[in-house]
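Okay, query_2.cif now, which holds mmCIF, C-alpha atoms:
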data_data
loop_
_atom_site.group_PDB
_atom_site.id
_atom_site.type_symbol
_atom_site.label_atom_id
_atom_site.label_comp_id
_atom_site.auth_asym_id
_atom_site.auth_seq_id
_atom_site.Cartn_x
_atom_site.Cartn_y
_atom_site.Cartn_z
ATOM 1 C CA MET A 1 78.509 29.303 36.947
ATOM 2 C CA LEU A 2 78.560 31.744 34.051
ATOM 3 C CA GLN A 3 81.779 32.179 32.071
ATOM 4 C CA ALA A 4 83.465 35.572 32.558
ATOM 5 C CA LYS A 5 83.588 37.863 29.532
ATOM 6 C CA ALA A 6 86.163 40.521 28.727
ATOM 7 C CA VAL A 7 85.112 44.137 28.259
ATOM 8 C CA ALA A 8 86.312 43.954 24.639
ATOM 9 C CA GLN A 9 83.879 41.125 23.840
ATOM 10 C CA SER A 10 80.872 43.424 24.064
ATOM 11 C CA ARG A 11 82.481 46.766 23.152
ATOM 12 C CA THR A 12 80.381 48.317 20.387
ATOM 13 C CA GLU A 13 80.738 51.286 18.064
ATOM 14 C CA GLN A 14 78.035 53.022 16.064
ATOM 15 C CA THR A 15 78.305 55.853 13.567
ATOM 16 C CA GLN A 16 75.609 58.361 12.621
ATOM 17 C CA ILE A 17 75.474 61.435 10.419
ATOM 18 C CA VAL A 18 73.488 64.298 11.918
ATOM 19 C CA MET A 19 70.659 65.092 9.499
ATOM 20 C CA PRO A 20 68.308 68.125 9.468
ATOM 21 C CA ARG A 21 65.572 66.045 11.162
ATOM 22 C CA HIS A 22 67.908 65.548 14.174
ATOM 23 C CA ILE A 23 68.309 69.286 14.850
ATOM 24 C CA ASN A 24 66.544 71.406 17.487
ATOM 25 C CA GLY A 25 65.600 75.096 17.308
ATOM 26 C CA SER A 26 69.166 76.113 18.190
ATOM 27 C CA ASP A 27 70.656 74.357 15.139
ATOM 28 C CA ARG A 28 72.222 71.687 17.348
ATOM 29 C CA ILE A 29 71.471 68.007 17.674
ATOM 30 C CA PHE A 30 68.291 67.440 19.648
ATOM 31 C CA GLY A 31 69.309 65.980 23.022
ATOM 32 C CA GLY A 32 66.540 63.396 22.849
ATOM 33 C CA GLN A 33 67.872 62.104 19.523
ATOM 34 C CA LEU A 34 71.330 61.621 20.966
ATOM 35 C CA MET A 35 69.826 59.963 24.037
ATOM 36 C CA GLU A 36 67.983 57.512 21.767
ATOM 37 C CA TRP A 37 71.196 56.567 19.969
ATOM 38 C CA ILE A 38 73.008 56.182 23.318
ATOM 39 C CA ASP A 39 70.239 53.975 24.749
ATOM 40 C CA ILE A 40 70.221 51.720 21.682
ATOM 41 C CA LEU A 41 74.005 51.345 21.715
ATOM 42 C CA ALA A 42 74.019 50.600 25.463
ATOM 43 C CA GLY A 43 71.365 47.945 24.838
ATOM 44 C CA VAL A 44 73.520 46.275 22.195
ATOM 45 C CA VAL A 45 76.535 46.257 24.538
ATOM 46 C CA ALA A 46 74.484 44.770 27.392
ATOM 47 C CA ARG A 47 72.871 42.141 25.131
ATOM 48 C CA ARG A 48 76.296 41.087 23.854
ATOM 49 C CA HIS A 49 77.632 40.743 27.385
ATOM 50 C CA SER A 50 74.639 39.013 28.945
ATOM 51 C CA GLY A 51 73.367 36.936 26.030
ATOM 52 C CA HIS A 52 69.845 38.060 26.953
ATOM 53 C CA ASP A 53 67.311 40.720 26.144
ATOM 54 C CA VAL A 54 67.782 43.747 28.376
ATOM 55 C CA THR A 55 65.902 46.746 29.661
ATOM 56 C CA THR A 56 67.241 50.141 30.654
ATOM 57 C CA ALA A 57 66.864 50.644 34.403
ATOM 58 C CA ALA A 58 68.607 54.002 34.788
ATOM 59 C CA VAL A 59 70.434 56.727 32.975
ATOM 60 C CA ASP A 60 72.914 57.520 35.678
ATOM 61 C CA ASN A 61 74.865 60.321 34.087
ATOM 62 C CA LEU A 62 74.506 62.187 30.812
ATOM 63 C CA GLN A 63 76.837 65.114 30.218
ATOM 64 C CA PHE A 64 76.651 67.275 27.104
ATOM 65 C CA LYS A 65 80.134 68.735 26.665
ATOM 66 C CA ALA A 66 79.851 70.242 23.174
ATOM 67 C CA PRO A 67 77.272 70.565 20.398
ATOM 68 C CA ALA A 68 76.905 68.642 17.157
ATOM 69 C CA HIS A 69 75.481 70.181 13.987
ATOM 70 C CA VAL A 70 73.939 69.132 10.666
ATOM 71 C CA GLY A 71 76.410 67.145 8.610
ATOM 72 C CA ASP A 72 78.574 66.116 11.568
ATOM 73 C CA THR A 73 79.626 62.489 11.776
ATOM 74 C CA MET A 74 79.014 61.140 15.250
ATOM 75 C CA ALA A 75 80.839 58.109 16.606
ATOM 76 C CA LEU A 76 79.388 56.402 19.692
ATOM 77 C CA VAL A 77 81.501 53.905 21.641
ATOM 78 C CA GLY A 78 79.999 51.744 24.379
ATOM 79 C CA GLN A 79 81.470 49.272 26.835
ATOM 80 C CA ILE A 80 80.609 47.527 30.086
ATOM 81 C CA THR A 81 82.185 49.243 33.091
ATOM 82 C CA HIS A 82 80.635 47.368 36.018
ATOM 83 C CA ILE A 83 78.213 44.529 36.641
ATOM 84 C CA GLY A 84 75.974 43.435 39.468
ATOM 85 C CA HIS A 85 74.069 40.184 39.785
ATOM 86 C CA THR A 86 71.580 40.945 36.988
ATOM 87 C CA SER A 87 72.577 44.498 36.051
ATOM 88 C CA MET A 88 75.274 46.010 33.872
ATOM 89 C CA GLU A 89 76.607 49.541 33.825
ATOM 90 C CA VAL A 90 77.477 50.724 30.321
ATOM 91 C CA ARG A 91 79.531 53.805 29.462
ATOM 92 C CA VAL A 92 78.829 55.431 26.103
ATOM 93 C CA ASP A 93 81.193 58.100 24.811
ATOM 94 C CA THR A 94 80.011 60.161 21.855
ATOM 95 C CA PHE A 95 82.407 61.985 19.563
ATOM 96 C CA VAL A 96 82.052 64.359 16.638
ATOM 97 C CA GLU A 97 84.400 63.077 13.970
ATOM 98 C CA GLY A 98 85.866 65.542 11.508
ATOM 99 C CA LEU A 99 86.421 64.735 7.856
ATOM 100 C CA ASP A 100 90.117 64.423 8.744
ATOM 101 C CA GLY A 101 89.224 61.606 11.188
ATOM 102 C CA GLU A 102 89.953 63.665 14.302
ATOM 103 C CA LYS A 103 87.455 62.992 17.100
ATOM 104 C CA HIS A 104 86.201 65.414 19.767
ATOM 105 C CA LEU A 105 84.260 64.163 22.795
ATOM 106 C CA VAL A 106 80.789 65.718 22.989
ATOM 107 C CA ASN A 107 78.990 63.455 25.452
ATOM 108 C CA THR A 108 79.587 60.824 28.112
ATOM 109 C CA ALA A 109 76.756 58.754 29.519
ATOM 110 C CA TYR A 110 76.438 55.933 32.046
ATOM 111 C CA LEU A 111 73.393 53.690 31.843
ATOM 112 C CA VAL A 112 72.299 50.713 33.905
ATOM 113 C CA LEU A 113 70.630 47.847 32.080
ATOM 114 C CA VAL A 114 69.148 44.632 33.456
ATOM 115 C CA ALA A 115 69.290 41.246 31.720
ATOM 116 C CA LEU A 116 65.906 39.542 31.295
ATOM 117 C CA ASP A 117 65.052 35.855 30.985
ATOM 118 C CA ASP A 118 62.401 34.449 28.642
ATOM 119 C CA GLN A 119 59.664 35.416 31.136
ATOM 120 C CA GLY A 120 60.887 39.020 31.333
ATOM 121 C CA GLN A 121 62.392 38.555 34.801
ATOM 122 C CA PRO A 122 65.890 39.680 35.834
ATOM 123 C CA THR A 123 68.504 36.996 35.215
ATOM 124 C CA PRO A 124 72.177 36.674 36.222
ATOM 125 C CA VAL A 125 74.870 38.101 33.968
ATOM 126 C CA PRO A 126 78.399 36.779 33.363
ATOM 127 C CA PRO A 127 81.243 38.130 35.494
ATOM 128 C CA LEU A 128 83.390 40.849 33.911
ATOM 129 C CA LEU A 129 87.012 40.050 33.114
ATOM 130 C CA LEU A 130 89.127 43.181 33.615
ATOM 131 C CA GLU A 131 92.246 43.183 31.448
ATOM 132 C CA THR A 132 93.587 46.746 31.585
ATOM 133 C CA GLU A 133 94.249 49.412 34.201
ATOM 134 C CA GLU A 134 91.618 51.624 32.531
ATOM 135 C CA GLU A 135 89.041 48.836 32.914
ATOM 136 C CA ARG A 136 89.994 48.438 36.590
ATOM 137 C CA ARG A 137 89.628 52.202 37.173
ATOM 138 C CA GLU A 138 86.203 52.147 35.507
ATOM 139 C CA TRP A 139 85.211 49.172 37.675
ATOM 140 C CA GLU A 140 86.201 51.030 40.854
ATOM 141 C CA ALA A 141 84.358 54.155 39.699
ATOM 142 C CA GLY A 142 81.379 51.921 38.864
ATOM 143 C CA ILE A 143 81.297 50.724 42.479
ATOM 144 C CA ARG A 144 81.146 54.353 43.647
ATOM 145 C CA ARG A 145 78.360 55.142 41.135
ATOM 146 C CA TYR A 146 76.448 52.038 42.269
ATOM 147 C CA ASN A 147 76.653 53.171 45.897
ATOM 148 C CA LEU A 148 75.489 56.681 44.939
ATOM 149 C CA ARG A 149 72.518 55.256 42.993
ATOM 150 C CA LYS A 150 71.645 53.055 45.962
ATOM 151 C CA GLN A 151 71.819 56.051 48.316
ATOM 152 C CA ARG A 152 69.587 58.136 46.022
ATOM 153 C CA ARG A 153 67.004 55.311 45.981
ATOM 154 C CA ILE A 154 66.997 55.184 49.777
ATOM 155 C CA GLU A 155 66.641 58.960 50.048
ATOM 156 C CA ALA A 156 63.766 58.981 47.544
ATOM 157 C CA TYR A 157 61.587 56.921 49.882
#
Would you kindly transcribe this structure into structure tokens?
Amino acid sequence: MLQAKAVAQSRTEQTQIVMPRHINGSDRIFGGQLMEWIDILAGVVARRHSGHDVTTAAVDNLQFKAPAHVGDTMALVGQITHIGHTSMEVRVDTFVEGLDGEKHLVNTAYLVLVALDDQGQPTPVPPLLLETEEERREWEAGIRRYNLRKQRRIEAY
């Protein structure tokens, strides 16, 4: 049996500065650029938790709450919120960080990643050790999101 891992063991932060090449025609960060950073960070979180290579199976939720502009410092924070047998749900919160250190949430995303063995096949992931009430709330919400994803898959066929 795999050893349980705490959420904090795979929690990952990344910092970027928005450069002119990251900007769209509206002088805001290009959504695809932010999505790339989110996907990479989620992959790091999932690799740290599972100890395996991973692949993104779904972007469950991606909400743009506020813009980011050239010169903004962006802080991305990712952590495991729920796991299945071979899959992991990762929440990534993105903040614009002012020069005074104050952070403002600009994006929240939930992604589902699957751990892969050496042959590229799904492989079991360690159980998740929940240590705080916030982690328990995220776990419960993760169950609801899992059921919604499952329902959408059924309806798509």
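Reported to one decimal place, the separation of CA of Gly43 in chain A from CA of Val7 in chain A is 14.7 Å.
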task = Identify, on the basis of only C-alpha atoms, every residue whose closest approach to range 64-76 of chain A does not exceed 10 Å; exclude the query and any residue fewer than 6 positions from it along the same chain; express the result as a VMD selection string.
result = chain A and resid 12 to 24 26 to 31 34 37 to 38 41 to 42 92 to 99 101 103 to 109
task = Using only C-alpha atoms, pick whichever of A:Leu148, A:Ala6, A:Val90, A:Ala141 has the shortest atom-to-atom distance to Leu111 in chain A.
result = A:Val90
inquiry  = I'd like to see the residues matched by the PyMOL selection byres ((chain A and resi 44-52) around 9) on this file, and ideally I'd get them as a PyMOL selection string.
reply    = chain A and resi 5-7+9-12+39-43+53-54+78-80+86-90+113-118+123-126+128
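You will find CA of Asn147 in chain A at 13.9 Å from CA of Asn61 in chain A.
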ask   = Rounded to one decimal in Å, what is the spacing between CA of Leu2 in chain A and CA of His82 in chain A?
value = 15.9 Å
request  = Choose the residue, out of A:Gln3, A:Gln63, A:Thr55, A:Thr81, that has the smallest atom-to-atom separation from Pro122 in chain A; count all atoms listed in the file.
outcome  = A:Thr55
key: Within 9 Å of Trp139 in chain A using all atoms listed in the file, minus same-chain residues under 4 positions, as JSON, numbers by chain   = {"A": [81, 82, 83, 130, 134, 135, 143, 144]}
Kindly compute an axis-aligned box around the listed atoms of range 113-130 of chain A, allowing 8 Å on each side, and express its centre and edge lengths in Å to one decimal as AutoDock Vina command-line options.
--center_x 74.4 --center_y 41.1 --center_z 32.4 --size_x 45.5 --size_y 29.4 --size_z 23.6
Assuming the input is short of atoms at range 133-153 of chain A, produce N, CA, C and O atoms for that part as an mmCIF file, keeping the file's coordinate frame.
data_model
loop_
_atom_site.group_PDB
_atom_site.id
_atom_site.type_symbol
_atom_site.label_atom_id
_atom_site.label_comp_id
_atom_site.auth_asym_id
_atom_site.auth_seq_id
_atom_site.Cartn_x
_atom_site.Cartn_y
_atom_site.Cartn_z
ATOM 1 N N GLU A 133 94.362 48.481 33.075
ATOM 2 C CA GLU A 133 94.249 49.412 34.201
ATOM 3 C C GLU A 133 93.038 50.330 34.023
ATOM 4 O O GLU A 133 92.353 50.646 34.992
ATOM 5 N N GLU A 134 92.782 50.772 32.804
ATOM 6 C CA GLU A 134 91.618 51.624 32.531
ATOM 7 C C GLU A 134 90.327 50.895 32.909
ATOM 8 O O GLU A 134 89.430 51.477 33.516
ATOM 9 N N GLU A 135 90.231 49.618 32.553
ATOM 10 C CA GLU A 135 89.041 48.836 32.914
ATOM 11 C C GLU A 135 88.910 48.695 34.429
ATOM 12 O O GLU A 135 87.806 48.766 34.969
ATOM 13 N N ARG A 136 90.024 48.536 35.124
ATOM 14 C CA ARG A 136 89.994 48.438 36.590
ATOM 15 C C ARG A 136 89.550 49.766 37.211
ATOM 16 O O ARG A 136 88.775 49.781 38.174
ATOM 17 N N ARG A 137 90.049 50.880 36.674
ATOM 18 C CA ARG A 137 89.628 52.202 37.173
ATOM 19 C C ARG A 137 88.133 52.408 36.963
ATOM 20 O O ARG A 137 87.431 52.902 37.847
ATOM 21 N N GLU A 138 87.634 52.025 35.780
ATOM 22 C CA GLU A 138 86.203 52.147 35.507
ATOM 23 C C GLU A 138 85.394 51.274 36.461
ATOM 24 O O GLU A 138 84.334 51.669 36.928
ATOM 25 N N TRP A 139 85.892 50.072 36.744
ATOM 26 C CA TRP A 139 85.211 49.172 37.675
ATOM 27 C C TRP A 139 85.099 49.823 39.052
ATOM 28 O O TRP A 139 84.017 49.826 39.656
ATOM 29 N N GLU A 140 86.201 50.372 39.546
ATOM 30 C CA GLU A 140 86.201 51.030 40.854
ATOM 31 C C GLU A 140 85.255 52.233 40.862
ATOM 32 O O GLU A 140 84.507 52.435 41.826
ATOM 33 N N ALA A 141 85.279 53.022 39.800
ATOM 34 C CA ALA A 141 84.358 54.155 39.699
ATOM 35 C C ALA A 141 82.918 53.662 39.615
ATOM 36 O O ALA A 141 82.001 54.289 40.155
ATOM 37 N N GLY A 142 82.709 52.521 38.957
ATOM 38 C CA GLY A 142 81.379 51.921 38.864
ATOM 39 C C GLY A 142 80.838 51.527 40.228
ATOM 40 O O GLY A 142 79.640 51.650 40.486
ATOM 41 N N ILE A 143 81.716 51.056 41.115
ATOM 42 C CA ILE A 143 81.297 50.724 42.479
ATOM 43 C C ILE A 143 80.816 51.992 43.185
ATOM 44 O O ILE A 143 79.776 51.986 43.850
ATOM 45 N N ARG A 144 81.555 53.087 43.013
ATOM 46 C CA ARG A 144 81.146 54.353 43.647
ATOM 47 C C ARG A 144 79.811 54.827 43.077
ATOM 48 O O ARG A 144 78.930 55.270 43.822
ATOM 49 N N ARG A 145 79.626 54.729 41.737
ATOM 50 C CA ARG A 145 78.360 55.142 41.135
ATOM 51 C C ARG A 145 77.214 54.257 41.613
ATOM 52 O O ARG A 145 76.121 54.740 41.879
ATOM 53 N N TYR A 146 77.472 52.955 41.755
ATOM 54 C CA TYR A 146 76.448 52.038 42.269
ATOM 55 C C TYR A 146 76.013 52.470 43.671
ATOM 56 O O TYR A 146 74.811 52.525 43.974
ATOM 57 N N ASN A 147 76.977 52.757 44.523
ATOM 58 C CA ASN A 147 76.653 53.171 45.897
ATOM 59 C C ASN A 147 75.883 54.486 45.910
ATOM 60 O O ASN A 147 74.964 54.661 46.720
ATOM 61 N N LEU A 148 76.230 55.417 45.032
ATOM 62 C CA LEU A 148 75.489 56.681 44.939
ATOM 63 C C LEU A 148 74.053 56.443 44.460
ATOM 64 O O LEU A 148 73.112 57.039 44.995
ATOM 65 N N ARG A 149 73.875 55.579 43.466
ATOM 66 C CA ARG A 149 72.518 55.256 42.993
ATOM 67 C C ARG A 149 71.702 54.628 44.109
ATOM 68 O O ARG A 149 70.535 54.967 44.308
ATOM 69 N N LYS A 150 72.328 53.716 44.850
ATOM 70 C CA LYS A 150 71.645 53.055 45.962
ATOM 71 C C LYS A 150 71.242 54.089 47.016
ATOM 72 O O LYS A 150 70.110 54.064 47.516
ATOM 73 N N GLN A 151 72.119 55.012 47.329
ATOM 74 C CA GLN A 151 71.819 56.051 48.316
ATOM 75 C C GLN A 151 70.670 56.936 47.838
ATOM 76 O O GLN A 151 69.780 57.274 48.616
ATOM 77 N N ARG A 152 70.676 57.305 46.556
ATOM 78 C CA ARG A 152 69.587 58.136 46.022
ATOM 79 C C ARG A 152 68.250 57.407 46.102
ATOM 80 O O ARG A 152 67.221 58.023 46.359
ATOM 81 N N ARG A 153 68.242 56.090 45.870
ATOM 82 C CA ARG A 153 67.004 55.311 45.981
ATOM 83 C C ARG A 153 66.492 55.328 47.409
ATOM 84 O O ARG A 153 65.295 55.467 47.649
#
